[in-house]
Every structure is written in C-alpha cells, then in structure tokens.
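Novice: Quick one: the structure is below, questions incoming.
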Amino acid sequence: MSEHWNESSYEPNLILFDRYCKHHYPIATGLSQEMIDTWCQKRPTETNNSCRSRIYVVISFIRYLSNRDLTDCIEPIIPKKEARVYLPHAFKDDELANFFYSCDNLPDSPRNPPVLSRRATIPVYFRLLYSSGLRTTEARFLRVEDVNLKEGVINVRYSKGHSQHFVVLHDSMVKLLQVYDQAITKLHPQRTYFFPARNDSYHTRNWVQKNFRSLWDKYNSSYATAYELRHHYATTNINSWINEGFGFNDKLLYLSKSMGHSNIESTKYYYSLVPRLSKIMEDNTGSDYNDILPEVYDEKN
C-alpha cells in the first residue's frame, strides 16, 4: 500500500542517493556494490541513529531487488541503534486551553471549500490526537471505513511497523466525530480519507506541523509538537492509576494495545515521565521494583 511509504524520510533520502550516484557514477548503467557501500558508510558527522535514518530506504530497496533476483548487491551492515532519552513537552492546562481556543477560532472567510474544510478539520483532528493517543500519521491515514461512528471504535490499519490495532474512543469524542462527519461530507461527499485533503488524498506531515506550530504559537511561548499530544495521553492515563491500587497490569496492557506498541516495553518508557507514580511503585514493591520496570528508552513510537 502507498500509505506504508515514509514520506518524511524515504523520499528525500532516496532522492539524495540518486543524486549521489548520478554525480559520482555518471556512466554507470546499473546499481553496484561500490555505490551501496560508499553511500551507506557512516559519516564522521553522523550518529548511529541518523545514519540508520539516511540509509534505511536504500537498504530496503536492495532487499526489494534481491527478493526478485534483480541485483547481486549485498546490503551493508546497519549501525546498531543507540538508546536515547527523549523528554517531551509537559503540557499545562492553560497551554492546551490556549491551543484549542486557536483551533476553534479559525477564519471562515472566504467561504470556499479549502477554508471551510480547514475550519472543520483542525479542531477535530487535534482533539482526536489529544484524546486517543493516536500517532499523527495514523490519524492522517484514517479512511472513512476505518472510523466506526456507531460503536466508537477506530481501526488503525497503518501504524508504526504496519501493525493493525483498535482504539476505543471516549463518548464525547465520538459525538464530535459524528458532527464533523456530517459537516465534512457536505464538502467532500465521496471522500476516501476521514480527514480529506485536496484531490481525495490525505493530509501531509507538513500540514500537521505547519498548522500545529502556527496555532500553538499564537498564544503560547513554550515549544511543543503535535506528536507530544500522544505522550500527554499516555502520562495522563498513567497518572489516573495512582489512587486505584496496584492491579495495574491490565491497565498497562490495555494502554499498550490502544497505543499500538509492538511490545509492552515501549509503554513502560512513559513511567519515566511520571515520577510520582514511579516513587509510589518503588515504595510498594521494594526490591521487586526493578524487575517490574527495567530500564527502558524512548523508541519514538
């Protein structure tokens, strides 16, 4: 499926590789091992992770060709992934209130389809991220048939690692989506995507970044990203468990599945962002604390 293409990384890096080959091997008629090895070699200015991001699309291309017996080139060794600690923005209530106020007060003129579509979509799209923990890409790629407005369940067909999962929505979010669906259907009666862009396509990553940045900065001075609404969703859920005893294994599993994590270790990262819960757990579990929560790192899920 075309949605599995990583538009923010694959395309620009594949273009750079193509330009590299054209510049250094202008008379070459095919892919060579030398092209692969020289391009994929880690540069002095790169970390392992940045090198991985740059070369992964080329390695995937080699695998594609190899599986079809179209090349004898061997894929190079991918640098080992480095653990990294990522501290997302800790949203304050007034910041979120400011942001959603901006979302709810977009201009409604000129009254043409693009302006009216943006006015209808922006408040709902970002509230969906805030209330469900969906990745920004998952929300962008949602098709109309993926959103069950009767049962309040979203079928996330395309996720990180292409794993399918389901998200159950809060009743208030279901009602908001129902109102939105009626409004957007008038503007895009035969739309494919739940949040449609022009030409019956989905919104781009740049659309998310540009709109979030302009609306966030309108009344807030701190730095934040749309993706961090996902982190906020996780930590808010975990915080709500503090006074509910310690039968939290089921809650952790439900949260992990809902957020589309491939394993529960990825979900455990969020404990590091909730120091109060971490301290309570340590006080109540004693020496078993480290067995329950081993050291984990952000996988940027």
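Residues in the structure tokens are named by chain (A, B, ... in the order shown) and by number from 1 within that chain; ligands are numbered from 1 in the order shown.
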Which residues, written as an mmCIF file with N, CA and C atoms, in the first residue's frame, have at least one atom at most 12 Å from Thr38 (chain A), with only C-alpha atoms counted and residues fewer than 3 positions away on the same chain left out?

Specialist:
data_model
loop_
_atom_site.group_PDB
_atom_site.id
_atom_site.type_symbol
_atom_site.label_atom_id
_atom_site.label_comp_id
_atom_site.auth_asym_id
_atom_site.auth_seq_id
_atom_site.Cartn_x
_atom_site.Cartn_y
_atom_site.Cartn_z
ATOM 1 N N PHE A 17 20.330 9.803 -2.592
ATOM 2 C CA PHE A 17 21.116 8.672 -3.078
ATOM 3 C C PHE A 17 21.178 8.677 -4.608
ATOM 4 N N TYR A 20 23.574 11.312 -5.664
ATOM 5 C CA TYR A 20 24.935 10.862 -5.359
ATOM 6 C C TYR A 20 25.450 9.937 -6.460
ATOM 7 N N CYS A 21 24.627 8.989 -6.846
ATOM 8 C CA CYS A 21 25.030 8.043 -7.901
ATOM 9 C C CYS A 21 25.246 8.760 -9.231
ATOM 10 N N HIS A 24 28.674 10.786 -8.859
ATOM 11 C CA HIS A 24 29.916 10.028 -8.710
ATOM 12 C C HIS A 24 30.067 8.889 -9.716
ATOM 13 N N TYR A 25 28.938 8.458 -10.298
ATOM 14 C CA TYR A 25 28.997 7.347 -11.258
ATOM 15 C C TYR A 25 28.157 7.708 -12.485
ATOM 16 N N SER A 32 25.627 -0.787 -8.276
ATOM 17 C CA SER A 32 26.838 -1.558 -7.956
ATOM 18 C C SER A 32 27.062 -1.616 -6.455
ATOM 19 N N GLN A 33 27.866 -2.592 -6.028
ATOM 20 C CA GLN A 33 28.180 -2.727 -4.611
ATOM 21 C C GLN A 33 28.936 -1.518 -4.094
ATOM 22 N N GLU A 34 29.778 -0.946 -4.930
ATOM 23 C CA GLU A 34 30.553 0.232 -4.530
ATOM 24 C C GLU A 34 29.626 1.414 -4.223
ATOM 25 N N MET A 35 28.612 1.594 -5.066
ATOM 26 C CA MET A 35 27.643 2.669 -4.814
ATOM 27 C C MET A 35 26.991 2.497 -3.443
ATOM 28 N N GLN A 41 28.083 4.060 4.174
ATOM 29 C CA GLN A 41 29.119 4.162 5.204
ATOM 30 C C GLN A 41 28.797 5.305 6.161
ATOM 31 N N LYS A 42 28.937 5.052 7.438
ATOM 32 C CA LYS A 42 28.648 6.075 8.432
ATOM 33 C C LYS A 42 29.629 7.230 8.308
ATOM 34 N N ARG A 43 29.115 8.440 8.334
ATOM 35 C CA ARG A 43 29.926 9.645 8.179
ATOM 36 C C ARG A 43 30.392 10.150 9.543
ATOM 37 N N ILE A 55 20.136 5.802 5.476
ATOM 38 C CA ILE A 55 20.414 4.689 4.563
ATOM 39 C C ILE A 55 19.317 3.626 4.522
ATOM 40 N N VAL A 58 17.544 2.898 1.231
ATOM 41 C CA VAL A 58 18.396 2.254 0.237
ATOM 42 C C VAL A 58 18.511 0.761 0.528
ATOM 43 N N GLU A 75 23.317 -6.063 0.984
ATOM 44 C CA GLU A 75 23.022 -4.924 1.852
ATOM 45 C C GLU A 75 24.099 -4.768 2.914
ATOM 46 N N PRO A 76 24.501 -3.551 3.207
ATOM 47 C CA PRO A 76 25.541 -3.317 4.212
ATOM 48 C C PRO A 76 25.004 -3.533 5.618
#

Novice: Step one, run DSSP on the backbone; step two, keep only residues of region 3-166 of chain A assigned to strand (DSSP E); then write them as a list of chain:residue names.

Specialist: A:Val147, A:Asn148, A:Val153, A:Ile154, A:Asn155, A:Val156, A:His165, A:Phe166

Novice: Which residues are close to region 124-141 of chain A, i.e. within 7 Å by only C-alpha atoms, leaving aside same-chain residues fewer than 2 positions away? Reply as number ranges by chain.

Specialist: A: 121-122, 143, 156, 158-159, 169, 193, 195, 202-203, 227, 229-230, 233-234, 259

Novice: Give me a file of those residues, with C-alpha atoms, as a PDB file, in the first residue's frame.

Specialist:
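Result file follows (out.pdb):
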ATOM      1  CA  THR A 121     -10.970  19.610  10.324  1.00  0.00           C
ATOM      2  CA  ILE A 122      -8.371  21.312  12.521  1.00  0.00           C
ATOM      3  CA  ARG A 143     -10.070   6.078   5.867  1.00  0.00           C
ATOM      4  CA  VAL A 156      -5.817   1.708  12.705  1.00  0.00           C
ATOM      5  CA  TYR A 158      -1.434   1.531   9.121  1.00  0.00           C
ATOM      6  CA  SER A 159       0.773   2.050  12.153  1.00  0.00           C
ATOM      7  CA  LEU A 169     -12.954   6.475  21.761  1.00  0.00           C
ATOM      8  CA  TYR A 193      -9.977   9.625   3.915  1.00  0.00           C
ATOM      9  CA  PHE A 195      -9.727  13.857   7.194  1.00  0.00           C
ATOM     10  CA  TYR A 202      -4.697  12.547   2.927  1.00  0.00           C
ATOM     11  CA  HIS A 203      -3.023  15.478   4.662  1.00  0.00           C
ATOM     12  CA  TYR A 227       3.307  14.325  18.345  1.00  0.00           C
ATOM     13  CA  LEU A 229      -0.046  15.079  22.448  1.00  0.00           C
ATOM     14  CA  ARG A 230       0.466  11.309  22.275  1.00  0.00           C
ATOM     15  CA  TYR A 233      -2.269  10.993  26.572  1.00  0.00           C
ATOM     16  CA  ALA A 234      -0.058   8.227  27.963  1.00  0.00           C
ATOM     17  CA  MET A 259      -1.362   2.991  21.546  1.00  0.00           C
TER      18      MET A 259
END

Novice: What does the structure give for the distance between CA of Leu31 (chain A) and CA of Thr45 (chain A), in Å to one decimal?

Specialist: 25.9 Å

Novice: Show me, as an mmCIF file with N, CA and C atoms, in the first residue's frame, the residues that have an atom within 10 Å of region 197-200 of chain A when counting only C-alpha atoms, minus same-chain residues fewer than 5 positions from it.

Specialist:
data_model
loop_
_atom_site.group_PDB
_atom_site.id
_atom_site.type_symbol
_atom_site.label_atom_id
_atom_site.label_comp_id
_atom_site.auth_asym_id
_atom_site.auth_seq_id
_atom_site.Cartn_x
_atom_site.Cartn_y
_atom_site.Cartn_z
ATOM 1 N N PRO A 113 -14.399 26.000 -0.268
ATOM 2 C CA PRO A 113 -14.173 24.659 0.297
ATOM 3 C C PRO A 113 -12.867 24.495 1.083
ATOM 4 N N PRO A 114 -11.711 24.993 0.599
ATOM 5 C CA PRO A 114 -10.482 24.805 1.382
ATOM 6 C C PRO A 114 -10.538 25.455 2.761
ATOM 7 N N SER A 117 -13.155 23.614 4.919
ATOM 8 C CA SER A 117 -12.651 22.282 5.262
ATOM 9 C C SER A 117 -11.617 22.359 6.377
ATOM 10 N N ARG A 118 -10.715 23.325 6.289
ATOM 11 C CA ARG A 118 -9.697 23.506 7.334
ATOM 12 C C ARG A 118 -10.354 23.882 8.656
ATOM 13 N N THR A 121 -11.883 20.720 10.053
ATOM 14 C CA THR A 121 -10.970 19.610 10.324
ATOM 15 C C THR A 121 -10.030 19.857 11.495
ATOM 16 N N ARG A 140 -3.839 10.828 10.135
ATOM 17 C CA ARG A 140 -3.864 11.349 8.761
ATOM 18 C C ARG A 140 -4.326 10.297 7.764
ATOM 19 N N HIS A 188 -16.957 17.196 0.999
ATOM 20 C CA HIS A 188 -16.278 16.096 0.294
ATOM 21 C C HIS A 188 -17.195 14.868 0.327
ATOM 22 N N GLN A 190 -17.729 12.258 -1.505
ATOM 23 C CA GLN A 190 -17.223 10.938 -1.884
ATOM 24 C C GLN A 190 -15.802 10.720 -1.367
ATOM 25 N N ARG A 191 -15.495 11.257 -0.189
ATOM 26 C CA ARG A 191 -14.118 11.230 0.277
ATOM 27 C C ARG A 191 -13.662 9.817 0.637
ATOM 28 N N THR A 192 -12.373 9.572 0.460
ATOM 29 C CA THR A 192 -11.758 8.305 0.840
ATOM 30 C C THR A 192 -11.243 8.360 2.269
ATOM 31 N N TRP A 207 1.521 19.478 6.711
ATOM 32 C CA TRP A 207 0.241 20.101 7.058
ATOM 33 C C TRP A 207 0.042 20.078 8.564
#

Novice: Have a look at A:Leu142, A:Cys51, A:Ile74, A:Val115 and name the one nearest to Ser201 (chain A); count only C-alpha atoms.

Specialist: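 Of all the options, A:Leu142 lies closest to Ser201 (chain A).
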
Novice: Could you give me, as a ChimeraX atom specification, each residue of region 18-76 of chain A that DSSP assigns to helix (DSSP H, G or I) when run on this structure's backbone?

Specialist: /A:18-24,33-40,48-67

Novice: Restrict the selected residues to N, CA and C atoms and save them as a CSV table (one decimal), in the first residue's frame.

Specialist:
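File result.csv, as written:
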chain,number,residue,atom,x,y,z
A,18,ASP,N,20.1,9.0,-5.2
A,18,ASP,CA,20.0,9.1,-6.7
A,18,ASP,C,21.0,10.1,-7.2
A,19,ARG,N,21.0,11.3,-6.6
A,19,ARG,CA,21.9,12.4,-7.0
A,19,ARG,C,23.3,12.0,-6.8
A,20,TYR,N,23.6,11.3,-5.7
A,20,TYR,CA,24.9,10.9,-5.4
A,20,TYR,C,25.5,9.9,-6.5
A,21,CYS,N,24.6,9.0,-6.8
A,21,CYS,CA,25.0,8.0,-7.9
A,21,CYS,C,25.2,8.8,-9.2
A,22,LYS,N,24.4,9.7,-9.5
A,22,LYS,CA,24.5,10.4,-10.8
A,22,LYS,C,25.8,11.3,-10.8
A,23,HIS,N,26.1,11.8,-9.7
A,23,HIS,CA,27.3,12.7,-9.6
A,23,HIS,C,28.6,11.9,-9.6
A,24,HIS,N,28.7,10.8,-8.9
A,24,HIS,CA,29.9,10.0,-8.7
A,24,HIS,C,30.1,8.9,-9.7
A,33,GLN,N,27.9,-2.6,-6.0
A,33,GLN,CA,28.2,-2.7,-4.6
A,33,GLN,C,28.9,-1.5,-4.1
A,34,GLU,N,29.8,-0.9,-4.9
A,34,GLU,CA,30.6,0.2,-4.5
A,34,GLU,C,29.6,1.4,-4.2
A,35,MET,N,28.6,1.6,-5.1
A,35,MET,CA,27.6,2.7,-4.8
A,35,MET,C,27.0,2.5,-3.4
A,36,ILE,N,26.6,1.3,-3.2
A,36,ILE,CA,25.9,1.0,-1.9
A,36,ILE,C,26.8,1.2,-0.7
A,37,ASP,N,28.0,0.6,-0.8
A,37,ASP,CA,28.9,0.7,0.3
A,37,ASP,C,29.4,2.1,0.6
A,38,THR,N,29.7,2.9,-0.4
A,38,THR,CA,30.2,4.2,-0.1
A,38,THR,C,29.1,5.1,0.4
A,39,TRP,N,27.9,5.0,-0.1
A,39,TRP,CA,26.8,5.8,0.4
A,39,TRP,C,26.3,5.4,1.8
A,40,CYS,N,26.3,4.1,2.1
A,40,CYS,CA,25.8,3.7,3.4
A,40,CYS,C,26.8,3.7,4.5
A,48,ASN,N,24.8,6.9,15.1
A,48,ASN,CA,24.3,5.7,14.5
A,48,ASN,C,22.9,5.9,14.0
A,49,ASN,N,22.1,6.6,14.8
A,49,ASN,CA,20.6,6.7,14.5
A,49,ASN,C,20.4,7.5,13.3
A,50,SER,N,21.2,8.6,13.1
A,50,SER,CA,21.0,9.5,11.9
A,50,SER,C,21.5,8.7,10.7
A,51,CYS,N,22.5,7.9,10.8
A,51,CYS,CA,23.0,7.1,9.7
A,51,CYS,C,21.9,6.1,9.3
A,52,ARG,N,21.3,5.5,10.3
A,52,ARG,CA,20.2,4.5,10.0
A,52,ARG,C,19.1,5.1,9.3
A,53,SER,N,18.7,6.3,9.7
A,53,SER,CA,17.6,7.0,9.0
A,53,SER,C,17.9,7.4,7.6
A,54,ARG,N,19.2,7.7,7.3
A,54,ARG,CA,19.6,8.1,6.0
A,54,ARG,C,19.6,6.9,5.0
A,55,ILE,N,20.1,5.8,5.5
A,55,ILE,CA,20.4,4.7,4.6
A,55,ILE,C,19.3,3.6,4.5
A,56,TYR,N,18.3,3.7,5.4
A,56,TYR,CA,17.4,2.6,5.5
A,56,TYR,C,16.6,2.4,4.2
A,57,VAL,N,16.2,3.5,3.6
A,57,VAL,CA,15.4,3.3,2.4
A,57,VAL,C,16.2,2.7,1.3
A,58,VAL,N,17.5,2.9,1.2
A,58,VAL,CA,18.4,2.3,0.2
A,58,VAL,C,18.5,0.8,0.5
A,59,ILE,N,18.7,0.4,1.8
A,59,ILE,CA,18.7,-1.0,2.2
A,59,ILE,C,17.4,-1.7,1.9
A,60,SER,N,16.3,-1.0,2.1
A,60,SER,CA,15.0,-1.6,1.7
A,60,SER,C,14.9,-1.8,0.2
A,61,PHE,N,15.5,-0.9,-0.5
A,61,PHE,CA,15.4,-1.0,-2.0
A,61,PHE,C,16.3,-2.2,-2.4
A,62,ILE,N,17.4,-2.4,-1.8
A,62,ILE,CA,18.2,-3.6,-2.1
A,62,ILE,C,17.5,-4.9,-1.8
A,63,ARG,N,16.8,-4.9,-0.7
A,63,ARG,CA,16.0,-6.1,-0.3
A,63,ARG,C,14.9,-6.4,-1.3
A,64,TYR,N,14.3,-5.3,-1.8
A,64,TYR,CA,13.2,-5.5,-2.8
A,64,TYR,C,13.8,-6.1,-4.1
A,65,LEU,N,14.9,-5.6,-4.5
A,65,LEU,CA,15.5,-6.1,-5.7
A,65,LEU,C,16.0,-7.5,-5.5
A,66,SER,N,16.6,-7.8,-4.4
A,66,SER,CA,17.2,-9.1,-4.1
A,66,SER,C,16.1,-10.2,-4.1
A,67,ASN,N,14.9,-9.8,-3.5
A,67,ASN,CA,13.8,-10.8,-3.4
A,67,ASN,C,13.2,-11.1,-4.8

Novice: Within 9 Å of Arg119 (chain A), counting only C-alpha atoms, which residues qualify if same-chain residues fewer than 4 places away don't, as a CSV table (one decimal) with N, CA and C atoms, in the first residue's frame?

Specialist:
chain,number,residue,atom,x,y,z
A,103,CYS,N,-7.7,26.7,17.7
A,103,CYS,CA,-8.2,25.7,16.8
A,103,CYS,C,-9.7,26.1,16.5
A,104,ASP,N,-10.4,26.5,17.5
A,104,ASP,CA,-11.9,26.7,17.4
A,104,ASP,C,-12.2,28.1,16.8
A,105,ASN,N,-11.2,28.9,16.6
A,105,ASN,CA,-11.5,30.3,16.1
A,105,ASN,C,-10.7,30.6,14.8
A,106,LEU,N,-10.7,29.6,13.9
A,106,LEU,CA,-10.1,29.8,12.6
A,106,LEU,C,-11.0,30.7,11.8
A,107,PRO,N,-10.5,31.4,10.8
A,107,PRO,CA,-11.3,32.3,10.0
A,107,PRO,C,-12.2,31.4,9.1
A,108,ASP,N,-13.4,32.0,8.8
A,108,ASP,CA,-14.4,31.3,8.0
A,108,ASP,C,-14.6,32.0,6.7
A,114,PRO,N,-11.7,25.0,0.6
A,114,PRO,CA,-10.5,24.8,1.4
A,114,PRO,C,-10.5,25.5,2.8
A,115,VAL,N,-11.1,26.7,2.8
A,115,VAL,CA,-11.1,27.4,4.1
A,115,VAL,C,-12.1,26.7,5.0
A,123,PRO,N,-9.9,21.6,14.4
A,123,PRO,CA,-10.3,21.3,15.9
A,123,PRO,C,-10.5,19.8,16.2

Novice: Could you please determine the separation between CA of Met173 (chain A) and CA of Trp216 (chain A) in Å, to one decimal place?

Specialist: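 The value is 21.1 Å.
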